>>> print(open('upload_32.txt').read())   # compact mmCIF, C-alpha atoms
# COMPACT_ATOMS: atom_id res chain seq x y z
CA MET A 637 0.00 0.00 0.00
CA THR A 638 1.39 3.37 -0.95
CA LYS A 639 1.95 6.25 1.41
CA ASN A 640 -0.87 8.21 -0.24
CA ALA A 641 -3.36 5.41 0.36
CA LYS A 642 -2.37 5.20 4.02
CA LEU A 643 -2.80 8.94 4.40
CA LEU A 644 -6.21 8.75 2.75
CA TYR A 645 -7.30 6.10 5.27
CA CYS A 646 -6.03 8.33 8.08
CA LEU A 647 -8.01 11.23 6.59
CA LEU A 648 -11.14 9.10 6.49
CA GLY A 649 -10.73 8.05 10.12
CA SER A 650 -10.11 11.57 11.33
CA ALA A 651 -13.13 12.83 9.36
CA VAL A 652 -15.30 10.25 11.13
CA LEU A 653 -13.95 11.43 14.48
CA ALA A 654 -14.59 15.04 13.50
CA LEU A 655 -18.19 14.19 12.61
CA LEU A 656 -18.91 13.23 16.23
CA SER A 657 -19.84 16.85 16.89
CA SER A 658 -21.98 17.26 13.79
CA PRO A 659 -25.44 18.83 14.19
CA ILE A 660 -27.02 15.45 13.42
CA LEU A 661 -25.07 13.21 15.79
CA MET A 662 -24.66 15.47 18.81
CA PRO A 663 -28.40 15.70 19.64
CA ALA A 664 -28.59 11.93 19.29
CA LEU A 665 -25.72 11.59 21.73
CA TYR A 666 -27.45 13.95 24.15
CA GLY A 667 -30.68 12.00 23.71
CA VAL A 668 -29.07 8.67 24.57
CA PHE A 669 -27.06 10.07 27.48
CA SER A 670 -29.53 12.61 28.80
CA GLY A 671 -29.11 11.87 32.49
CA ASN A 672 -27.29 14.10 34.92
CA GLY A 673 -25.02 11.33 36.09
CA ALA A 674 -21.27 11.59 36.02
CA LEU A 675 -20.95 8.75 33.50
CA GLU A 676 -23.27 10.42 30.97
CA GLN A 677 -21.44 13.73 31.26
CA PHE A 678 -18.09 11.95 30.95
CA ILE A 679 -19.19 10.15 27.76
CA VAL A 680 -20.36 13.41 26.18
CA LEU A 681 -17.08 15.10 27.19
CA VAL A 682 -15.03 12.27 25.69
CA ALA A 683 -17.03 12.52 22.45
CA GLU A 684 -16.35 16.26 22.24
CA ILE A 685 -12.63 15.75 22.93
CA LEU A 686 -12.43 13.00 20.28
CA SER A 687 -14.12 15.30 17.82
CA PHE A 688 -11.56 18.03 18.51
CA VAL A 689 -8.73 15.53 18.07
CA GLY A 690 -10.36 14.44 14.80
CA TYR A 691 -10.31 18.01 13.49
CA ILE A 692 -6.64 18.41 14.43
CA LEU A 693 -5.72 15.09 12.78
CA LEU A 694 -7.73 16.02 9.70
CA ILE A 695 -5.68 19.19 9.30
CA ILE A 696 -2.37 17.40 9.88
CA PHE A 697 -3.06 14.51 7.49
CA SER A 698 -4.38 16.89 4.82
CA LEU A 699 -1.21 18.94 4.99
CA MET A 700 0.93 15.80 4.90
CA LEU A 701 -0.91 14.52 1.83
CA ILE A 702 -0.52 17.86 0.06
CA TYR A 703 3.18 17.94 0.96
CA TYR A 704 3.90 14.42 -0.30
CA ASN A 705 2.02 14.98 -3.55
CA THR A 706 3.69 18.31 -4.31
CA LYS A 707 7.11 16.96 -3.37
CA SER A 708 6.79 14.05 -5.80
CA ARG A 709 5.40 16.29 -8.55
CA PHE A 710 8.27 18.80 -8.40
CA LYS A 711 10.89 16.10 -7.93
CA GLY A 712 10.74 14.58 -11.35
>>> encode(input="upload_32.txt", output="structure tokens")
Amino acid sequence: MTKNAKLLYCLLGSAVLALLSSPILMPALYGVFSGNGALEQFIVLVAEILSFVGYILLIIFSLMLIYYNTKSRFKG
């Protein structure tokens, strides 16, 4: 598997993580974990943190993919 294919899989995974805070999934998450217990609040917090990490990884892997493709294009 080439490096570009691996980066595309990483982009797909980070996009899925970033979609955890989408306007469609977040109300569903609040609906399932609507209690005021510590566990429900912890699960929602973890989902929001994972979404933030997904956005950061999406930016990093996008920049890496752009860098590798431009480097190979200007190389030869």
>>> residues_around(input="upload_32.txt", residues="Val668 (chain A)", least_positions_apart="5", cutoff="12 Å", atoms="only C-alpha atoms", output="list of chain:residue names")
A:Leu661, A:Met662, A:Pro663, A:Glu676, A:Gln677, A:Ile679, A:Val680
>>> closest_residue(input="upload_32.txt", among="A:Leu686, A:Leu675, A:Leu647, A:Leu655", to="Leu699 (chain A)", atoms="all atoms listed in the file")
A:Leu647
>>> residues_around(input="upload_32.txt", residues="Leu648 (chain A)", least_positions_apart="5", cutoff="9 Å", atoms="only C-alpha atoms", output="number ranges by chain")
A: 643, 653, 694
>>> residues_around(input="upload_32.txt", residues="Lys642 (chain A)", least_positions_apart="3", cutoff="12 Å", atoms="only C-alpha atoms", output="JSON, numbers by chain")
{"A": [637, 638, 639, 645, 646, 647, 648, 649, 697, 698, 700, 701, 704]}
>>> write_last_selection(input="upload_32.txt", atoms="C-alpha atoms", output="mmCIF file, keeping the file's coordinate frame")
data_model
loop_
_atom_site.group_PDB
_atom_site.id
_atom_site.type_symbol
_atom_site.label_atom_id
_atom_site.label_comp_id
_atom_site.auth_asym_id
_atom_site.auth_seq_id
_atom_site.Cartn_x
_atom_site.Cartn_y
_atom_site.Cartn_z
ATOM 1 C CA MET A 637 0.000 0.000 0.000
ATOM 2 C CA THR A 638 1.390 3.370 -0.950
ATOM 3 C CA LYS A 639 1.950 6.250 1.410
ATOM 4 C CA TYR A 645 -7.300 6.100 5.270
ATOM 5 C CA CYS A 646 -6.030 8.330 8.080
ATOM 6 C CA LEU A 647 -8.010 11.230 6.590
ATOM 7 C CA LEU A 648 -11.140 9.100 6.490
ATOM 8 C CA GLY A 649 -10.730 8.050 10.120
ATOM 9 C CA PHE A 697 -3.060 14.510 7.490
ATOM 10 C CA SER A 698 -4.380 16.890 4.820
ATOM 11 C CA MET A 700 0.930 15.800 4.900
ATOM 12 C CA LEU A 701 -0.910 14.520 1.830
ATOM 13 C CA TYR A 704 3.900 14.420 -0.300
#
>>> atom_distance(input="upload_32.txt", atom1="CA of Gly690 (chain A)", atom2="CA of Val652 (chain A)")
7.4 Å
>>> decode(input="upload_32.txt", residues="chain A", atoms="C-alpha atoms", output="short mmCIF file (atom, residue, chain, number, x, y, z; two decimals), in the first residue's frame")
data_model
loop_
_atom_site.label_atom_id
_atom_site.label_comp_id
_atom_site.auth_asym_id
_atom_site.auth_seq_id
_atom_site.Cartn_x
_atom_site.Cartn_y
_atom_site.Cartn_z
CA MET A 637 0.00 0.00 0.00
CA THR A 638 1.39 3.37 -0.95
CA LYS A 639 1.95 6.25 1.41
CA ASN A 640 -0.87 8.21 -0.24
CA ALA A 641 -3.36 5.41 0.36
CA LYS A 642 -2.37 5.20 4.02
CA LEU A 643 -2.80 8.94 4.40
CA LEU A 644 -6.21 8.75 2.75
CA TYR A 645 -7.30 6.10 5.27
CA CYS A 646 -6.03 8.33 8.08
CA LEU A 647 -8.01 11.23 6.59
CA LEU A 648 -11.14 9.10 6.49
CA GLY A 649 -10.73 8.05 10.12
CA SER A 650 -10.11 11.57 11.33
CA ALA A 651 -13.13 12.83 9.36
CA VAL A 652 -15.30 10.25 11.13
CA LEU A 653 -13.95 11.43 14.48
CA ALA A 654 -14.59 15.04 13.50
CA LEU A 655 -18.19 14.19 12.61
CA LEU A 656 -18.91 13.23 16.23
CA SER A 657 -19.84 16.85 16.89
CA SER A 658 -21.98 17.26 13.79
CA PRO A 659 -25.44 18.83 14.19
CA ILE A 660 -27.02 15.45 13.42
CA LEU A 661 -25.07 13.21 15.79
CA MET A 662 -24.66 15.47 18.81
CA PRO A 663 -28.40 15.70 19.64
CA ALA A 664 -28.59 11.93 19.29
CA LEU A 665 -25.72 11.59 21.73
CA TYR A 666 -27.45 13.95 24.15
CA GLY A 667 -30.68 12.00 23.71
CA VAL A 668 -29.07 8.67 24.57
CA PHE A 669 -27.06 10.07 27.48
CA SER A 670 -29.53 12.61 28.80
CA GLY A 671 -29.11 11.87 32.49
CA ASN A 672 -27.29 14.10 34.92
CA GLY A 673 -25.02 11.33 36.09
CA ALA A 674 -21.27 11.59 36.02
CA LEU A 675 -20.95 8.75 33.50
CA GLU A 676 -23.27 10.42 30.97
CA GLN A 677 -21.44 13.73 31.26
CA PHE A 678 -18.09 11.95 30.95
CA ILE A 679 -19.19 10.15 27.76
CA VAL A 680 -20.36 13.41 26.18
CA LEU A 681 -17.08 15.10 27.19
CA VAL A 682 -15.03 12.27 25.69
CA ALA A 683 -17.03 12.52 22.45
CA GLU A 684 -16.35 16.26 22.24
CA ILE A 685 -12.63 15.75 22.93
CA LEU A 686 -12.43 13.00 20.28
CA SER A 687 -14.12 15.30 17.82
CA PHE A 688 -11.56 18.03 18.51
CA VAL A 689 -8.73 15.53 18.07
CA GLY A 690 -10.36 14.44 14.80
CA TYR A 691 -10.31 18.01 13.49
CA ILE A 692 -6.64 18.41 14.43
CA LEU A 693 -5.72 15.09 12.78
CA LEU A 694 -7.73 16.02 9.70
CA ILE A 695 -5.68 19.19 9.30
CA ILE A 696 -2.37 17.40 9.88
CA PHE A 697 -3.06 14.51 7.49
CA SER A 698 -4.38 16.89 4.82
CA LEU A 699 -1.21 18.94 4.99
CA MET A 700 0.93 15.80 4.90
CA LEU A 701 -0.91 14.52 1.83
CA ILE A 702 -0.52 17.86 0.06
CA TYR A 703 3.18 17.94 0.96
CA TYR A 704 3.90 14.42 -0.30
CA ASN A 705 2.02 14.98 -3.55
CA THR A 706 3.69 18.31 -4.31
CA LYS A 707 7.11 16.96 -3.37
CA SER A 708 6.79 14.05 -5.80
CA ARG A 709 5.40 16.29 -8.55
CA PHE A 710 8.27 18.80 -8.40
CA LYS A 711 10.89 16.10 -7.93
CA GLY A 712 10.74 14.58 -11.35
#
